[in-house]
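Participant: There's a structure below that I have some questions on.
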Amino acid sequence: MTLIYALAIAAYVGCGLYMMLSRHAVRMILGLTLLTNGAIFLIFLSGRVGTTTPPVIPQGAEALAADAANALPQALVLTAIVIGFALTSFAVALVLEAHRSLGTLDVREMRDAERLGAPDPSPATSVKTHG
Amino acid sequence: MDLSTVLLVSLVGAVIAPFVAARAGVLAGPLAAALPAILFAWFFAQIDAVGTAPIVQVLPWVPSLGIDLTFRLDGFSLLFALLITGIGTLVTLYAASYMSAKPPFARAQFLLYILLFMTAMLATVTADNLVALFVFWEMTSLLSFLLVGFQSEDAKARKAALQSLLVTAGGGLALLAGIILIGVEAGTFSLAAITANPAPILESPLLPAIVVCVLIGAFTKSAQFPFHFWLPNAMKAPTPASAYLHSATMVKLGVYLLARLDPVFAGAPWVGATLVAFGGVTMLIAALQALRAVELKAVLAFSTVASLGTLVMLIGLDGPVSSVAVVGFILAHALYKATLFFCAGIVIHATHETKLRSLGGLAALLPVTAGATLLASFSMAGLPPFIGFISKEYLFEAKLESSLDTIAVIIGVLVNAVMVAIAGVLALKPFFGRAKKPIHVSHGEQPGMIIGPILLAVTGVAFGLVPSLVSYALITPAAIAIHGAPFEVSFKLWHGFTPMLALSGLVVALGAVLAWFWDPIHLALRRRRVFDEVFSDRGYEVVLERTLALARWSTNRLQNGDLRVYGAVVAASVTGLLAYGLMSGEGPLLPNVGAEPLRPYLVVVCALIVAGCVVAAVVPSLVTAIVAVGLSGYGLALVFLLNGGPDLALTQFSVETLFVVIVTAVLLKLPTVARSSRTPGERWVDATVATCFAACVLVATLWIKAKPFNTQLTEYFAVTSVPEGFGRNVVNVILVDFRALDTFGEIAVVAFAALGAWALLRSGSAIRRTGKGA
């Protein structure tokens with residue numbers, strides 16, 4: 001079973017990374033989401049899985065039953081899901097605003113801060129003559 | 001006071017004195033010169049003590065690496081220290097006067113650099129630990145850079161400053177490599193220990209590497225072929241700095257180091273031959289260029305290069321006499337060359353004329369300068385009874401006694417004849433020759449500027465007439481220090497009728513002929529442009545250009561502003577590290593995770609996740625991709641649900657739904673079909689990187705599962721949740737009680753993300769208003 005889970009995690013991070021390397025801003029966000037899910041799954045799995053009993057202490061008892069699920073990774077995962085969502089939402093807002101002000105979703109064309117291809121305009125030609 | 005205190009005084013004084021002096025008006029010079037004068041007095045007082053045994057002081061610095069601030073004052077160091085502080089005193093006096101027309105801040109700045117340089121030099125020549133020596137050595141390079149580029153409004157000065165820094169500091173790096181190799185082979189960085197027991201280095205297979213590295217360091221610093229070009233260019237520095245750094249002291253550091261290591265390298269005869277060869281080539285090139293040079297300071301600079309070549313050649317020669325010759329020549333050269341630079345500075349300052357051929361008839365206008373120049377030139381020409389004569393006698397004796405006598409003597413005679421001619425022309429032409437056009441002198445001789453040349457020139461005569469003044473106190477201890485073993489030294493004026501005297505006579509006669517025909521020879525050589533091509537800094541320019549081109553090329557490749565390239569580089573690096581970690585770890589690559597019963601529901605859910613991911617990655621339509629991502633997210637929620645995490649499942653369902661809704665809503669404003677932003681080749685590269693990364697994560701996940709699980713924290717929460725947290729849902733208790741601060745931080749993150757999104761999306765945002773224009 002672990003192998004199946006691990007395959008799912010690998011699919012998450014692999015496809016997530018592949019999409020993040022795209023130059024299309026929306027695809028990058030989708031890739032980010034997949035990567036987040038992969039990380040969350042990994043945290044959850046590393047706390048060991050297998051039981052279906054939730055980590056809730058029944059009325060009358062003082063401690064968790066022995067077969068209950070591990071509560072610690074669940075707490076971490078809960079935090080991770082929310083933070084991942086906040087990150088994604090902010091990225092979506094960023095992309096939307098970028099499209100509104102720059103008119104493109106291609107990161108190659110978002111280059112007001114850094115020019116593509118050359119650290120400064122003049123050396124590009126001198127590279128050809130000397131290099 | 002011990003040695004380190006003296007250096008500390010020098011450092012503190014160097015920082016304070018210039019700014020005090022800058023406010024002191026006419027007293028500026030004497031006030032600033034008080035510091036080097038006091039230091040000179042201290043070093044002078046050590047002559048007796050050093051004559052018996054070196055003064056050593058050890059301050060721990062990095063003892064675990066064998067790096068300490070070990071200071072050691074022996075005869076050779078003392079000679080340098082006296083030259084540094086003595087000439088430093090005169091240079092400071094001279095500089096205060098030379099710079100008097102400059103604004104106070106520039107004046108203070110210049111004195112600061114000069115005095116800091118003096119401190120660095122003192123530390124270099126007293127350092128016994130090679131690593132400490134290297135640090136101070138590089139400090140002198142840095143201060144040389146600041147001084148050469150002092151007239152920073154002049155583009156040529158800036159270029160020369162950069163060149164001197166790149167050459168000397170670059171050579172310094174080679175030296176550092178050599179020092180580290182020496183340290184590794186000898187087991188110590190102490191110069192004294194290394195020269196006392198050179199066997200480990202001589203027997204090391206790394207000896208050639210050590211020699212090459214050290215020689216590059218020494219040759220760059222002392223302007224030896226093929227690095228000789230930077231010193232004449234460095235004449236852009238104000239004349240006091242040229243006199244001090246680029247003639248009397250700093251450029252002799254390379255010679256200093258070679259002389260220090262001479263007892264080691266004497267065990268490998270090929271090193272000596274290499275030194276003789278490079279020194280000889282440098283001498284010949286410098287003599288030729290000195291004959292061709294137009295500017296007064298350039299003539300002096302090339303003659304300095306020739307002198308440095310002579311010193312390197314002398315160190316390469318075997319026999320104890322060469323040690324005496326080295327020491328004597330260092331002393332004589334410092335005395336006469338500093339005088340000549342001082343006088344050249346006075347002439348340039350007074351006439352604003354830098355070309356040698358334009359000067360003439362200055363003896364009546366600058367009589368004291370003329371006198372000092374005359375005395376220094378006699379010493380440079382090696383005429384009796386000046387110290388230059390004695391040092392030249394030793395020079396020829398060392399050459400005759402060595403095993404490389406013929407070639408060394410021929411080069412020596414030729415180059416020294418040129419030196420005699422230069423000395424004659426320098427002394428006679430500007431002062432007693434006829435000027436082509438009338439020379440205007442803007443002011444007469446200022447006391448602060450004239451005192452240095454007088455003192456140095458007179459000292460040169462005094463040492464020549466009464467060699468015993470320096471023979472026992474300075475020359476003998478210094479020569480013994482670099483020879484490594486005691487021997488009988490006789491430093492005196494008259495040696496009788498010897499072959500050396502005959503050679504001296506020959507040199508003077510040849511030099512007189514050269515000086516007589518200076519103008520035609522100078523003009524004929526000047527017309528041969530081929531020398532400009534061969535001996536210029538062309539090689540330096542090419543190396544510099546190629547380096548810059550390489551930097552531009554790599555920047556274009558790596559820092560080209562393409563986010564995908566950055567991402568791919570980072571991802572590939574992380575993948576590489578992960579893979580390395582996994583492969584170099586213990587055990588097999590794939591761990592045995594044990595057999596567990598398959599749970600059919602979950603297998604289907606995982607298949608759903610995989611399908612969602614793959615579809616999202618390959619489908620061209622963005623809407624389909626969003627749905628696919630949402631699908632895989634629901635799959636994760638199902639995994640939570642089926643593994644005892646209903647809270648997680650609930651959150652994941654809501655978040656995934658919100659995600660799909662938000663992104664789809666946003667897409668209404670954006671084009672839904674995206675043209676591919678990657679070429680097929682790029683997609684293949686990305687897919688490969690992503691697949692490798694996924695494979696690494698897969699293996700890592702299996703390893704996590706295969707390692708034993710620590711249940712300590714889990715059990716702690718399980719039993720303390722009710723008694724201490726008063727809650728039955730353990731996940732909630734952890735979030736709001738045990739890790740409440742973390743949850744607070746998480747809320748803050750969400751709030752900030754919301755704030756950021758709001759700021760971006762509110763109508764008429766600041767970015768859009770300004771962004772279009774930018």
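The chains in the structure tokens are called A, B, ... from first to last as shown; in each chain the residues are counted from 1, and the ligands are counted from 1 in the order shown.
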What lies within 7 Å of stretch 725-728 of chain B using only C-alpha atoms, ignoring chain neighbours under 5 positions off, as number ranges by chain?

Facilitator: A: 56-57; B: 720, 733, 737

Participant: With C-alpha atoms kept, could you save the residues just selected as a PDB file, in the first residue's frame?

Facilitator:
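Result file follows (part-v8.pdb):
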```
ATOM      1  CA  VAL A  56     -11.035  11.703  19.013  1.00  0.00           C
ATOM      2  CA  ILE A  57     -11.200  10.606  22.655  1.00  0.00           C
TER       3      ILE A  57
ATOM      4  CA  THR B 720      -2.394  14.796  27.841  1.00  0.00           C
ATOM      5  CA  VAL B 733      -6.440  20.528  20.960  1.00  0.00           C
ATOM      6  CA  ASP B 737      -3.728  24.703  22.691  1.00  0.00           C
TER       7      ASP B 737
END
```

Participant: May I have the residues within 8 Å of stretch 49-53 of chain B as a PDB file with N, CA and C atoms, in the first residue's frame, using only C-alpha atoms and disregarding those fewer than 5 positions away in the same chain?

Facilitator:
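As written to disk, out_32.pdb reads:
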```pdb
ATOM      1  N   LEU B  73      61.525  40.160  14.107  1.00  0.00           N
ATOM      2  CA  LEU B  73      62.362  41.255  13.613  1.00  0.00           C
ATOM      3  C   LEU B  73      63.797  40.782  13.598  1.00  0.00           C
ATOM      4  N   ASP B  74      64.298  40.421  12.392  1.00  0.00           N
ATOM      5  CA  ASP B  74      65.713  40.094  12.285  1.00  0.00           C
ATOM      6  C   ASP B  74      66.396  41.166  11.434  1.00  0.00           C
ATOM      7  N   GLY B  75      67.639  40.933  11.064  1.00  0.00           N
ATOM      8  CA  GLY B  75      68.403  41.964  10.371  1.00  0.00           C
ATOM      9  C   GLY B  75      67.746  42.441   9.087  1.00  0.00           C
ATOM     10  N   LEU B  78      64.638  44.380   9.777  1.00  0.00           N
ATOM     11  CA  LEU B  78      64.993  45.671  10.361  1.00  0.00           C
ATOM     12  C   LEU B  78      65.426  46.644   9.273  1.00  0.00           C
ATOM     13  N   ALA B 473      75.970  47.466  11.534  1.00  0.00           N
ATOM     14  CA  ALA B 473      74.645  47.622  12.126  1.00  0.00           C
ATOM     15  C   ALA B 473      73.555  47.041  11.241  1.00  0.00           C
ATOM     16  N   PRO B 477      73.877  41.991   9.580  1.00  0.00           N
ATOM     17  CA  PRO B 477      72.747  41.187  10.088  1.00  0.00           C
ATOM     18  C   PRO B 477      71.744  40.849   8.977  1.00  0.00           C
TER      19      PRO B 477
END
```

Participant: Please return, as a ChimeraX atom specification, all residues of chain A that DSSP assigns to helix (DSSP H, G or I) on the basis of the backbone.

Facilitator: /A:2-20,25-46,71-102,123-130

Participant: Write the residues of the selection above to a file with C-alpha atoms, as a tab-separated table (two decimals), in the first residue's frame.

Facilitator:
```tsv
chain	number	residue	atom	x	y	z
A	2	THR	CA	2.87	2.35	0.85
A	3	LEU	CA	4.13	1.98	-2.69
A	4	ILE	CA	0.76	3.11	-4.05
A	5	TYR	CA	0.75	6.15	-1.77
A	6	ALA	CA	4.33	6.93	-2.71
A	7	LEU	CA	3.42	6.72	-6.38
A	8	ALA	CA	0.60	9.21	-5.83
A	9	ILE	CA	2.98	11.58	-4.04
A	10	ALA	CA	5.50	11.20	-6.85
A	11	ALA	CA	2.77	12.01	-9.39
A	12	TYR	CA	1.85	15.13	-7.42
A	13	VAL	CA	5.39	16.51	-7.17
A	14	GLY	CA	6.50	15.39	-10.63
A	15	CYS	CA	3.53	16.88	-12.48
A	16	GLY	CA	3.59	19.88	-10.14
A	17	LEU	CA	7.24	20.60	-10.92
A	18	TYR	CA	6.67	20.08	-14.65
A	19	MET	CA	3.84	22.60	-14.62
A	20	MET	CA	5.78	25.07	-12.48
A	25	ALA	CA	1.50	31.97	-15.22
A	26	VAL	CA	-1.76	30.07	-14.67
A	27	ARG	CA	-0.03	26.74	-15.28
A	28	MET	CA	2.60	27.72	-12.73
A	29	ILE	CA	-0.14	28.29	-10.16
A	30	LEU	CA	-1.70	24.91	-10.93
A	31	GLY	CA	1.75	23.34	-10.56
A	32	LEU	CA	2.18	25.09	-7.23
A	33	THR	CA	-1.10	23.60	-6.04
A	34	LEU	CA	-0.06	20.11	-7.07
A	35	LEU	CA	3.32	20.50	-5.32
A	36	THR	CA	1.51	21.69	-2.17
A	37	ASN	CA	-0.75	18.66	-2.25
A	38	GLY	CA	2.26	16.38	-2.68
A	39	ALA	CA	3.96	17.90	0.35
A	40	ILE	CA	0.80	17.61	2.42
A	41	PHE	CA	0.37	13.99	1.44
A	42	LEU	CA	3.98	13.28	2.36
A	43	ILE	CA	3.56	14.83	5.83
A	44	PHE	CA	0.38	12.82	6.35
A	45	LEU	CA	2.00	9.59	5.20
A	46	SER	CA	5.12	10.07	7.30
A	71	ALA	CA	-3.10	13.30	15.57
A	72	LEU	CA	0.17	15.18	15.17
A	73	PRO	CA	0.58	14.98	11.36
A	74	GLN	CA	-3.10	15.80	11.02
A	75	ALA	CA	-2.59	19.03	12.92
A	76	LEU	CA	0.40	19.89	10.75
A	77	VAL	CA	-1.51	19.02	7.58
A	78	LEU	CA	-4.43	21.20	8.60
A	79	THR	CA	-2.10	24.16	8.95
A	80	ALA	CA	-0.40	23.29	5.66
A	81	ILE	CA	-3.68	23.09	3.73
A	82	VAL	CA	-4.76	26.53	4.91
A	83	ILE	CA	-1.38	28.13	4.27
A	84	GLY	CA	-1.18	26.49	0.86
A	85	PHE	CA	-4.57	27.89	0.03
A	86	ALA	CA	-3.54	31.37	1.17
A	87	LEU	CA	-0.44	31.16	-1.00
A	88	THR	CA	-2.41	29.99	-4.02
A	89	SER	CA	-4.99	32.74	-3.58
A	90	PHE	CA	-2.32	35.39	-3.39
A	91	ALA	CA	-0.61	33.97	-6.48
A	92	VAL	CA	-3.93	34.03	-8.36
A	93	ALA	CA	-4.42	37.67	-7.39
A	94	LEU	CA	-0.89	38.42	-8.55
A	95	VAL	CA	-1.47	36.74	-11.92
A	96	LEU	CA	-4.76	38.52	-12.42
A	97	GLU	CA	-3.20	41.89	-11.67
A	98	ALA	CA	-0.19	41.08	-13.85
A	99	HIS	CA	-2.49	40.28	-16.74
A	100	ARG	CA	-4.47	43.45	-16.22
A	101	SER	CA	-1.45	45.73	-16.12
A	102	LEU	CA	0.95	43.92	-18.47
A	123	PRO	CA	27.78	43.62	-24.10
A	124	ALA	CA	25.47	41.43	-26.17
A	125	THR	CA	27.18	42.64	-29.29
A	126	SER	CA	30.71	42.59	-27.90
A	127	VAL	CA	30.27	38.96	-26.89
A	128	LYS	CA	29.92	38.15	-30.55
A	129	THR	CA	33.06	40.02	-31.50
A	130	HIS	CA	35.27	38.68	-28.73
```

Participant: Do you know which residues are at most 8 Å from B:Leu331 counting only C-alpha atoms, after dropping those on the same chain fewer than 4 positions away, and could you put them as a list of chain:residue names?

Facilitator: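 Near B:Leu331, the qualifying residues are B:Leu79, B:Leu83, B:Val327, B:Leu335.
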
Participant: Dump N, CA and C atoms for the selected residues as a PDB file, in the first residue's frame?

Facilitator:
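Below is the file that was written, selection.pdb:
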```pdb
ATOM      1  N   LEU B  79      66.222  46.144   8.307  1.00  0.00           N
ATOM      2  CA  LEU B  79      66.628  47.008   7.201  1.00  0.00           C
ATOM      3  C   LEU B  79      65.403  47.575   6.493  1.00  0.00           C
ATOM      4  N   LEU B  83      63.997  51.463   6.359  1.00  0.00           N
ATOM      5  CA  LEU B  83      63.726  52.133   5.088  1.00  0.00           C
ATOM      6  C   LEU B  83      62.281  52.615   5.038  1.00  0.00           C
ATOM      7  N   VAL B 327      71.367  43.019  -0.230  1.00  0.00           N
ATOM      8  CA  VAL B 327      71.107  43.958   0.862  1.00  0.00           C
ATOM      9  C   VAL B 327      71.666  45.340   0.521  1.00  0.00           C
ATOM     10  N   LEU B 335      67.810  54.675  -1.388  1.00  0.00           N
ATOM     11  CA  LEU B 335      68.295  56.025  -1.099  1.00  0.00           C
ATOM     12  C   LEU B 335      68.306  56.888  -2.353  1.00  0.00           C
TER      13      LEU B 335
END
```

Participant: Report as a PDB file with N, CA and C atoms, in the first residue's frame all protein, DNA and RNA residues lying within 8 Å of B:Pro238, evaluated on only C-alpha atoms, omitting residues in the same chain fewer than 2 positions from it.

Facilitator:
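The resulting file, part-v5.pdb, is reproduced below:
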```pdb
ATOM      1  N   LEU B 147      46.142  54.595  -3.950  1.00  0.00           N
ATOM      2  CA  LEU B 147      47.071  55.695  -4.194  1.00  0.00           C
ATOM      3  C   LEU B 147      47.287  55.933  -5.687  1.00  0.00           C
ATOM      4  N   VAL B 148      47.362  54.854  -6.473  1.00  0.00           N
ATOM      5  CA  VAL B 148      47.533  55.033  -7.922  1.00  0.00           C
ATOM      6  C   VAL B 148      46.315  55.758  -8.483  1.00  0.00           C
ATOM      7  N   PHE B 150      44.494  57.847  -7.004  1.00  0.00           N
ATOM      8  CA  PHE B 150      44.130  58.961  -6.118  1.00  0.00           C
ATOM      9  C   PHE B 150      43.515  60.109  -6.905  1.00  0.00           C
ATOM     10  N   GLN B 151      44.066  60.399  -8.089  1.00  0.00           N
ATOM     11  CA  GLN B 151      43.449  61.440  -8.917  1.00  0.00           C
ATOM     12  C   GLN B 151      42.306  60.794  -9.681  1.00  0.00           C
ATOM     13  N   MET B 235      52.632  55.022 -12.489  1.00  0.00           N
ATOM     14  CA  MET B 235      53.188  56.367 -12.264  1.00  0.00           C
ATOM     15  C   MET B 235      52.123  57.448 -12.309  1.00  0.00           C
ATOM     16  N   LYS B 236      50.869  57.045 -12.575  1.00  0.00           N
ATOM     17  CA  LYS B 236      49.767  58.000 -12.495  1.00  0.00           C
ATOM     18  C   LYS B 236      49.549  58.443 -11.057  1.00  0.00           C
ATOM     19  N   PRO B 240      54.728  61.611  -4.512  1.00  0.00           N
ATOM     20  CA  PRO B 240      55.164  61.054  -3.221  1.00  0.00           C
ATOM     21  C   PRO B 240      54.842  59.570  -3.104  1.00  0.00           C
ATOM     22  N   ALA B 241      53.668  59.180  -3.626  1.00  0.00           N
ATOM     23  CA  ALA B 241      53.301  57.768  -3.569  1.00  0.00           C
ATOM     24  C   ALA B 241      54.211  56.949  -4.475  1.00  0.00           C
ATOM     25  N   SER B 242      54.536  57.486  -5.654  1.00  0.00           N
ATOM     26  CA  SER B 242      55.437  56.757  -6.556  1.00  0.00           C
ATOM     27  C   SER B 242      56.781  56.539  -5.881  1.00  0.00           C
TER      28      SER B 242
END
```
